[in-house]
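Heads up, model13.cif below (mmCIF, C-alpha atoms):
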data_upload
loop_
_atom_site.label_atom_id
_atom_site.label_comp_id
_atom_site.auth_asym_id
_atom_site.auth_seq_id
_atom_site.Cartn_x
_atom_site.Cartn_y
_atom_site.Cartn_z
CA MET A 5 -52.20 43.48 22.29
CA GLU A 6 -54.22 43.62 25.48
CA SER A 7 -57.97 44.23 25.59
CA LYS A 8 -59.31 47.61 26.70
CA GLU A 9 -60.79 45.94 29.80
CA TYR A 10 -57.39 44.57 30.80
CA LEU A 11 -55.68 47.92 30.27
CA LEU A 12 -58.28 49.76 32.36
CA LYS A 13 -58.00 47.19 35.15
CA GLU A 14 -54.20 47.54 35.24
CA LEU A 15 -54.49 51.33 35.15
CA GLN A 16 -56.87 51.24 38.11
CA GLN A 17 -54.39 49.17 40.14
CA ILE A 18 -51.55 51.55 39.35
CA GLU A 19 -53.64 54.58 40.31
CA LYS A 20 -54.44 52.87 43.61
CA TRP A 21 -50.69 52.37 44.13
CA GLU A 22 -50.11 56.06 43.41
CA LYS A 23 -52.70 57.03 45.98
CA ASP A 24 -51.07 54.77 48.57
CA GLN A 25 -47.69 56.37 47.87
CA LYS A 26 -48.96 59.80 48.85
CA GLY A 27 -49.33 58.71 52.46
CA LEU A 28 -46.23 59.11 54.64
CA TRP A 29 -46.19 57.48 58.04
CA PHE A 30 -45.13 59.61 60.98
CA TRP A 31 -42.16 57.31 61.60
CA GLU A 32 -40.91 57.83 58.03
CA ARG A 33 -41.07 61.57 58.61
CA ILE A 34 -39.03 61.23 61.79
CA THR A 35 -36.36 59.09 60.12
CA ARG A 36 -35.54 61.92 57.72
CA LEU A 37 -34.34 64.19 60.53
CA PRO A 38 -31.00 62.54 61.41
CA PHE A 39 -29.62 63.34 57.99
CA LYS A 40 -29.31 66.97 59.09
CA LEU A 41 -27.26 65.71 62.02
CA LEU A 42 -25.23 63.56 59.66
CA ASP A 43 -24.44 66.65 57.60
CA LYS A 44 -23.15 68.46 60.70
CA VAL A 45 -20.89 65.66 61.94
CA THR A 46 -19.50 64.64 58.55
CA PRO A 47 -15.98 66.03 57.97
CA LYS A 48 -15.78 68.90 55.47
CA PHE A 49 -13.54 67.02 53.05
CA ILE A 50 -16.13 64.22 52.75
CA GLN A 51 -18.94 66.74 52.20
CA ASN A 52 -16.92 68.35 49.43
CA LYS A 53 -16.26 64.99 47.78
CA ILE A 54 -19.93 64.06 47.86
CA GLY A 55 -20.84 67.45 46.44
CA THR A 56 -18.34 67.10 43.61
CA LEU A 57 -19.56 63.65 42.64
CA LEU A 58 -23.21 64.67 42.79
CA ASP A 59 -22.45 67.63 40.54
CA GLU A 60 -21.73 65.15 37.77
CA ILE A 61 -25.40 64.20 37.73
CA GLY A 62 -26.18 67.69 36.41
CA GLY A 63 -24.47 66.67 33.19
CA TYR A 64 -26.76 63.65 32.99
CA ILE A 65 -29.68 65.89 32.10
CA GLN A 66 -27.75 67.67 29.37
CA ASN A 67 -26.01 64.79 27.61
CA GLY A 68 -26.33 61.61 29.69
CA GLY A 69 -22.59 61.44 30.17
CA GLN A 70 -21.13 58.35 31.81
CA TYR A 71 -24.50 57.39 33.27
CA LEU A 72 -26.22 56.46 29.99
CA THR A 73 -27.15 52.78 29.71
CA LYS A 74 -26.40 50.82 26.54
CA GLU A 75 -29.60 49.69 24.85
CA ILE A 76 -28.06 46.52 23.46
CA SER A 77 -27.42 45.09 26.94
CA VAL A 78 -31.08 45.62 27.87
CA PHE A 79 -32.23 44.08 24.58
CA GLN A 80 -30.10 41.01 25.28
CA PHE A 81 -31.44 40.70 28.84
CA PHE A 82 -35.02 40.92 27.56
CA GLU A 83 -34.34 38.27 24.91
CA LYS A 84 -32.81 35.97 27.52
CA GLN A 85 -35.85 36.32 29.78
CA THR A 86 -38.59 36.03 27.13
CA GLY A 87 -37.08 34.43 24.04
CA ARG A 88 -38.21 37.41 21.95
CA THR A 89 -35.79 39.01 19.51
CA ILE A 90 -35.44 42.75 20.11
CA GLU A 91 -33.54 44.79 17.52
CA GLU A 92 -34.75 48.32 18.30
CA LEU A 93 -36.84 50.27 20.80
CA ALA A 94 -39.83 50.27 18.45
CA ASP A 95 -40.11 46.49 18.91
CA PHE A 96 -41.32 47.05 22.48
CA LYS A 97 -44.47 48.82 21.30
CA THR A 98 -46.24 45.51 20.70
CA ILE A 99 -44.77 43.59 23.65
CA PRO A 100 -47.41 42.55 26.25
CA LEU A 101 -47.37 44.70 29.38
CA GLU A 102 -47.13 41.65 31.60
CA GLU A 103 -43.82 40.69 29.98
CA MET A 104 -42.48 44.23 30.41
CA LYS A 105 -43.41 44.15 34.07
CA ASN A 106 -41.92 40.71 34.73
CA VAL A 107 -38.62 41.54 33.03
CA SER A 108 -38.44 44.87 34.89
CA LEU A 109 -38.87 43.07 38.21
CA GLU A 110 -36.29 40.46 37.27
CA LEU A 111 -33.83 43.18 36.33
CA ALA A 112 -34.60 44.96 39.60
CA ASN A 113 -33.52 41.83 41.51
CA LYS A 114 -30.12 42.02 39.81
CA ARG A 115 -29.74 45.69 40.68
CA LYS A 116 -30.81 45.08 44.30
CA SER A 117 -28.07 42.49 44.65
CA ALA A 118 -25.50 44.95 43.28
CA ALA A 119 -26.74 47.71 45.58
CA THR A 120 -26.65 45.38 48.60
CA LEU A 121 -23.05 44.46 47.89
CA GLN A 122 -22.19 48.12 47.37
CA GLY A 123 -23.74 49.13 50.70
CA ALA A 124 -22.09 46.28 52.59
CA SER A 125 -18.64 46.94 51.15
CA THR A 126 -18.71 50.66 51.88
CA GLY A 127 -20.18 50.00 55.32
CA ILE A 128 -16.89 48.41 56.39
CA GLY A 129 -15.14 51.74 56.68
CA GLY A 130 -17.96 53.69 58.31
CA ILE A 131 -17.89 57.44 57.74
CA PHE A 132 -14.81 57.32 55.52
CA THR A 133 -16.47 55.18 52.85
CA LEU A 134 -19.87 56.90 53.09
CA ALA A 135 -18.57 59.49 50.61
CA ILE A 136 -18.17 56.69 48.06
CA ASP A 137 -21.51 54.98 48.70
CA ILE A 138 -23.93 57.86 48.06
CA PRO A 139 -22.80 58.72 44.50
CA ALA A 140 -22.36 54.99 43.74
CA ILE A 141 -25.93 54.11 44.72
CA LEU A 142 -27.16 57.16 42.83
CA ALA A 143 -25.46 55.78 39.70
CA ILE A 144 -27.09 52.36 40.24
CA SER A 145 -30.45 54.10 40.66
CA LEU A 146 -30.13 55.98 37.37
CA LYS A 147 -29.05 52.79 35.60
CA THR A 148 -32.04 50.87 36.98
CA LEU A 149 -34.56 53.51 35.88
CA GLN A 150 -33.02 53.79 32.42
CA GLU A 151 -33.22 50.04 31.93
CA ILE A 152 -36.87 50.00 32.97
CA ALA A 153 -37.51 52.87 30.55
CA ILE A 154 -35.92 50.93 27.68
CA ILE A 155 -37.88 47.77 28.54
CA HIS A 156 -41.05 49.83 28.11
CA GLY A 157 -39.84 51.25 24.78
CA TYR A 158 -38.59 54.70 25.86
CA ASP A 159 -35.22 56.20 24.95
CA PRO A 160 -32.96 57.65 27.71
CA ASN A 161 -30.92 59.27 24.94
CA ASP A 162 -33.71 61.85 24.70
CA LYS A 163 -33.28 64.76 27.09
CA GLU A 164 -36.97 64.77 28.01
CA GLU A 165 -36.75 61.10 28.93
CA ARG A 166 -33.83 61.79 31.25
CA VAL A 167 -35.91 64.47 32.95
CA TYR A 168 -38.72 61.92 33.36
CA ILE A 169 -36.23 59.46 34.86
CA LEU A 170 -34.98 62.02 37.39
CA LYS A 171 -38.57 62.83 38.30
CA CYS A 172 -39.15 59.10 38.95
CA LEU A 173 -36.08 59.11 41.17
CA GLN A 174 -37.37 62.16 43.02
CA PHE A 175 -40.83 60.60 43.40
CA SER A 176 -39.47 57.47 45.07
CA THR A 177 -37.72 59.52 47.77
CA SER A 178 -40.16 62.41 48.29
CA ASP A 179 -42.69 62.99 51.05
CA TYR A 180 -46.42 62.88 50.36
CA VAL A 181 -46.66 66.56 49.35
CA GLY A 182 -43.80 66.19 46.88
CA LYS A 183 -45.23 63.00 45.37
CA GLU A 184 -48.46 64.70 44.30
CA ALA A 185 -46.61 67.56 42.62
CA ILE A 186 -44.24 65.17 40.86
CA LEU A 187 -47.12 63.04 39.53
CA ASN A 188 -48.49 66.20 37.92
CA ASP A 189 -45.09 66.91 36.36
CA LEU A 190 -44.81 63.34 35.05
CA ALA A 191 -48.26 63.59 33.49
CA ALA A 192 -47.22 66.85 31.83
CA ILE A 193 -44.12 65.26 30.34
CA SER A 194 -46.17 62.35 29.01
CA GLU A 195 -49.07 64.32 27.58
CA ASP A 196 -47.98 67.72 26.33
CA GLU A 197 -44.78 68.75 24.53
CA MET A 198 -45.06 72.39 25.60
CA LYS A 199 -45.55 71.43 29.23
CA SER A 200 -42.60 69.09 28.88
CA ARG A 201 -40.42 72.06 28.07
CA GLU A 202 -41.67 73.85 31.15
CA VAL A 203 -40.76 70.85 33.30
CA ILE A 204 -37.28 70.78 31.75
CA SER A 205 -36.78 74.40 32.74
CA GLN A 206 -37.97 73.57 36.26
CA ILE A 207 -35.49 70.73 36.58
CA GLN A 208 -32.63 73.24 36.47
CA GLY A 209 -33.10 73.04 40.23
CA TRP A 210 -32.10 69.36 39.91
CA ARG A 211 -30.07 69.63 43.10
CA GLU A 212 -33.41 69.27 44.84
CA VAL A 213 -33.50 65.72 43.47
CA THR A 214 -30.12 64.83 44.94
CA LEU A 215 -30.99 66.56 48.22
CA THR A 216 -34.18 64.54 48.54
CA PHE A 217 -32.27 61.43 47.49
CA THR A 218 -29.57 61.74 50.14
CA GLU A 219 -32.03 62.89 52.82
CA SER A 220 -34.11 59.78 52.29
CA PHE A 221 -31.25 57.66 53.62
CA GLY A 222 -31.86 59.23 57.05
CA TRP A 223 -31.05 57.06 60.04
CA LYS A 224 -29.94 54.19 57.81
CA LYS A 225 -26.89 56.11 56.67
CA LEU A 226 -26.34 57.49 60.15
CA PHE A 227 -25.82 53.93 61.40
CA GLN A 228 -23.63 53.14 58.42
CA MET A 229 -21.10 55.59 59.84
CA VAL A 230 -20.21 52.97 62.47
CA PRO A 231 -17.38 50.77 61.13
CA ILE A 232 -18.21 47.05 60.64
CA ALA A 233 -21.81 47.51 61.94
CA GLY A 234 -22.25 49.72 58.90
CA ILE A 235 -22.02 46.61 56.71
CA ILE A 236 -25.50 45.50 57.79
CA PHE A 237 -27.08 48.94 57.71
CA GLY A 238 -25.40 49.90 54.44
CA ALA A 239 -26.60 46.73 52.72
CA PHE A 240 -30.15 47.16 54.06
CA ALA A 241 -30.37 50.86 53.13
CA ASN A 242 -29.18 50.34 49.57
CA ARG A 243 -31.31 47.26 48.93
CA SER A 244 -34.50 48.90 50.21
CA MET A 245 -33.82 52.04 48.19
CA ILE A 246 -33.39 50.17 44.90
CA ASN A 247 -36.43 48.03 45.71
CA ASP A 248 -38.61 51.14 46.15
CA LEU A 249 -37.08 52.81 43.13
CA ALA A 250 -37.61 49.81 40.84
CA GLU A 251 -41.22 49.52 41.98
CA THR A 252 -41.76 53.22 41.27
CA GLY A 253 -40.15 53.02 37.83
CA THR A 254 -42.08 49.91 36.84
CA MET A 255 -45.43 51.31 37.98
CA LEU A 256 -44.99 54.70 36.34
CA TYR A 257 -43.70 53.33 33.04
CA GLN A 258 -46.45 50.70 33.00
CA LYS A 259 -49.01 53.48 33.46
CA ARG A 260 -47.45 55.53 30.68
CA ARG A 261 -47.55 52.64 28.25
CA ILE A 262 -51.12 51.72 29.26
CA VAL A 263 -52.38 55.27 28.70
CA GLU A 264 -50.70 55.36 25.28
CA ARG A 265 -52.28 52.06 24.25
CA LEU A 266 -55.71 53.19 25.40
CA LYS A 267 -55.34 56.38 23.35
CA SER A 268 -54.14 54.39 20.37
CA ASP A 269 -57.11 52.03 20.65
CA THR A 270 -59.54 54.95 20.79
CA SER A 271 -57.85 56.64 17.83
CA THR A 272 -57.95 53.46 15.74
CA LYS A 273 -61.66 52.92 16.41
CA SER A 274 -62.46 56.53 15.49
CA THR A 275 -60.58 56.14 12.20
CA ILE A 276 -62.44 52.93 11.33
CA GLU A 277 -65.84 54.47 12.18
CA SER A 278 -65.15 57.51 9.98
CA GLN A 279 -64.37 55.40 6.91
#
If you took the structure in this file and wrote it as structure tokens, what would it be?
Amino acid sequence: MESKEYLLKELQQIEKWEKDQKGLWFWERITRLPFKLLDKVTPKFIQNKIGTLLDEIGGYIQNGGQYLTKEISVFQFFEKQTGRTIEELADFKTIPLEEMKNVSLELANKRKSAATLQGASTGIGGIFTLAIDIPAILAISLKTLQEIAIIHGYDPNDKEERVYILKCLQFSTSDYVGKEAILNDLAAISEDEMKSREVISQIQGWREVTLTFTESFGWKKLFQMVPIAGIIFGAFANRSMINDLAETGTMLYQKRRIVERLKSDTSTKSTIESQ
């Protein structure tokens, strides 16, 4: 296990990252606007299809549905990368943080490649394949966050964990005001069971997550509407989104595990001193 000094140093770096995330450049704010235009010019039948597919994500909170990731595949990937045998989630509790981070980043590279291919392939048909791309990249995003959760020893089969995952997704695509509020929600889920229940009740407005998600595509998806040229823009948009998402998931799950280890270290010392 890591020393307290190491854990505090890593925590400080993550908190600096969080602070940096709260800033939103003016240009980023501007690039969100075209999505409203995109909504107006997109044919009704495509809007309806997107809406129907996104509705499926509501079931993800309740039971995981088709979007749940199999633990065994993540265990096998971790073993391949580190040589460590993983038989259950509890085995991750003693894994060094550095290994968790490195494997998360390696896994993110795989998901970025898949997202790039997805964006390029749907960019061929312009507006007519855009309806396929948005729910597809949303599915890849959920899969990526679940895998990072498992690598850090957390179980997406738990409803509260799925709420945490959706909050991570929302954080990666929110503006600076939203990011601060979401960080508070994430802390509540991590620290207090009663507050966790309150956050779960709040997430009934989960459509806000998908709205923020799709809005974040902005001008990138607007350009993807152009046949053939959309290949380049679709690939770029999807790759950059998964890159940001994986970074967010890795940082937030690293922080969560660090805080837990610091608390465990403090608790252990208090027990020893009282004996």
Practice item. Please evaluate the PyMOL selection byres ((chain A and resi 111) around 10) against the displayed coordinates and give the resulting residues as a PyMOL selection string. Key: chain A and resi 78+81-82+85+105-110+112-116+148+151-152+155+250
Review point. What gap, in Å, lies between CA of Lys13 (chain A) and CA of Ile262 (chain A)?
Key: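 CA of Ile262 (chain A) lies at a distance of 10.1 Å from CA of Lys13 (chain A).
For the set A:Ile246, A:Val167, A:Leu256, A:Leu121, the residue with the smallest atom-to-atom gap to Leu187 (chain A) is A:Leu256, counting all atoms listed in the file.
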Exercise for review: Just give me the residues with any atom within 12 Å of (-47.1, 54.5, 29.5), file coordinates, counting only C-alpha atoms, written as a VMD selection string.
Suggested key: chain A and resid 11 14 to 15 18 96 to 97 101 104 to 105 152 to 158 168 190 to 191 193 to 195 253 to 268
Using only C-alpha atoms, please write the residues we just selected to a file, as a CSV table (one decimal), in the coordinates of the input.
chain,number,residue,atom,x,y,z
A,11,LEU,CA,-55.7,47.9,30.3
A,14,GLU,CA,-54.2,47.5,35.2
A,15,LEU,CA,-54.5,51.3,35.2
A,18,ILE,CA,-51.6,51.6,39.4
A,96,PHE,CA,-41.3,47.0,22.5
A,97,LYS,CA,-44.5,48.8,21.3
A,101,LEU,CA,-47.4,44.7,29.4
A,104,MET,CA,-42.5,44.2,30.4
A,105,LYS,CA,-43.4,44.2,34.1
A,152,ILE,CA,-36.9,50.0,33.0
A,153,ALA,CA,-37.5,52.9,30.6
A,154,ILE,CA,-35.9,50.9,27.7
A,155,ILE,CA,-37.9,47.8,28.5
A,156,HIS,CA,-41.0,49.8,28.1
A,157,GLY,CA,-39.8,51.2,24.8
A,158,TYR,CA,-38.6,54.7,25.9
A,168,TYR,CA,-38.7,61.9,33.4
A,190,LEU,CA,-44.8,63.3,35.0
A,191,ALA,CA,-48.3,63.6,33.5
A,193,ILE,CA,-44.1,65.3,30.3
A,194,SER,CA,-46.2,62.4,29.0
A,195,GLU,CA,-49.1,64.3,27.6
A,253,GLY,CA,-40.2,53.0,37.8
A,254,THR,CA,-42.1,49.9,36.8
A,255,MET,CA,-45.4,51.3,38.0
A,256,LEU,CA,-45.0,54.7,36.3
A,257,TYR,CA,-43.7,53.3,33.0
A,258,GLN,CA,-46.4,50.7,33.0
A,259,LYS,CA,-49.0,53.5,33.5
A,260,ARG,CA,-47.4,55.5,30.7
A,261,ARG,CA,-47.6,52.6,28.2
A,262,ILE,CA,-51.1,51.7,29.3
A,263,VAL,CA,-52.4,55.3,28.7
A,264,GLU,CA,-50.7,55.4,25.3
A,265,ARG,CA,-52.3,52.1,24.2
A,266,LEU,CA,-55.7,53.2,25.4
A,267,LYS,CA,-55.3,56.4,23.4
A,268,SER,CA,-54.1,54.4,20.4
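Proximity ranking of A:Glu251, A:Pro139, A:Ile232, A:Glu102 relative to Tyr10 (chain A) places A:Glu102 first, based on only C-alpha atoms.
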Exercise for review: Could you pull out every residue with an atom within 8 Å of (-31.1, 52.3, 23.4), file coordinates, counting only C-alpha atoms, and send them as a PyMOL selection string?
Suggested key: chain A and resi 73-76+92-93+154+159-161
Would you write out those residues with C-alpha atoms, as a JSON list (two decimals), in the frame of the given file?
[["chain", "number", "residue", "atom", "x", "y", "z"],
["A", 73, "THR", "CA", -27.15, 52.78, 29.71],
["A", 74, "LYS", "CA", -26.40, 50.82, 26.54],
["A", 75, "GLU", "CA", -29.60, 49.69, 24.85],
["A", 76, "ILE", "CA", -28.06, 46.52, 23.46],
["A", 92, "GLU", "CA", -34.75, 48.32, 18.30],
["A", 93, "LEU", "CA", -36.84, 50.27, 20.80],
["A", 154, "ILE", "CA", -35.92, 50.93, 27.68],
["A", 159, "ASP", "CA", -35.22, 56.20, 24.95],
["A", 160, "PRO", "CA", -32.96, 57.65, 27.71],
["A", 161, "ASN", "CA", -30.92, 59.27, 24.94]]
Review point. What's the 8 Å shell around Leu249 (chain A), counting all atoms listed in the file, without same-chain residues fewer than 2 positions away, as a ChimeraX atom specification?
Key: /A:145,149,172-173,176,245-247,251-253
Practice item. One decimal, Å: what's the distance from CA of Asn188 (chain A) over to CA of Asn242 (chain A), could you say? Key: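 Separation of CA of Asn188 (chain A) and CA of Asn242 (chain A): 27.6 Å.
CA of Asp24 (chain A) lies 18.4 Å from CA of Leu12 (chain A).
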